[in-house]
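Accompanying notes for the structure given below.
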Amino acid sequence: MQTKPDIRIPILWSGTGDVYLVQDSKRAPTDGYVVRFSLGLKRHAPGCGCCAGRGPAATALGWIFQARARAEISYFTTLVVVATADGQAAIRDALDEDPVARSLFKL
């Protein structure tokens with residue numbers, strides 16, 4: 001039986017890379033392309049589709065992938081995230097809850 005390869009982009013919590021997703025309160029590396037994200041305000045728990053929308057982490061992940069697909073940023077095979085524990089949790093939540101982010105990136 002042949003298995004399909006997992007072509008999602010791996011997310012790393014440390015290291016060097018070509019593209020970084022950096023939380024607004026963290027210092028940005030100087031050796032690659034940097035995209036910033038902010039956690040913003042928390043929404044109420046149930047959150048219907050019309051008011052919950054995509055969170056800031058999921059939105060940033062989607063933007064990074066679109067920029068890569070349009071060749072607006074260099075092609076990259078890993079994404080390095082620089083974030084606080086809350087920022088890392090937001091990325092994990094985006095991968096758990098957002099189908100677009102989950103289909104493009106992996107931990």
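Following the order of the structure tokens, first chain is A, next is B, and so on, with residues numbered from 1 inside each chain and ligands from 1 in the order they appear.
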Which residues are near stretch 69-83 of chain A? Cut-off 7 Å, only C-alpha atoms, ignore same chain within fewer than 2 positions. Put them as a list in words.
Ile9, Pro10, Ile11, Leu12, Trp13, Ser14, Gly15, Thr16, Gly17, Asp18, Val19, Tyr20, Leu21, Val22, Gln23, Lys26, Phe65, Gln66, Ala67, Ala85, Gly87 and Gln88 of chain A
From stretch 12-71 of chain A, collect each residue whose DSSP state is strand (DSSP E or B) and return the set as number ranges by chain.
A: 12, 19-23, 33-37
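We find atom CA of A:Glu97 and atom CA of A:Ser38 to be spaced 17.8 Å apart.
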The distance between atom CA of A:Asp96 and atom CA of A:Pro29 is 26.9 Å
Neighbouring residues of A:Val100 were defined as those with any atom within 8 Å, considering only C-alpha atoms; residues of the same chain fewer than 3 positions away were excluded. Please report them as a list in words.
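Near neighbours after the sequence-gap exclusion: Gly62, Ser103 and Leu104 of chain A.
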By how many Å are atom CA of A:Asp93 and atom CA of A:Gly40 apart?
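Computing the Euclidean distance for atom CA of A:Asp93 and atom CA of A:Gly40 yields 14.4 Å.
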Please give the complete set of residues from chain A that DSSP, run on the backbone, assigns to helix (DSSP H, G or I), formatted as a VMD selection string.
chain A and resid 49 to 52 56 to 69 85 to 97 99 to 104
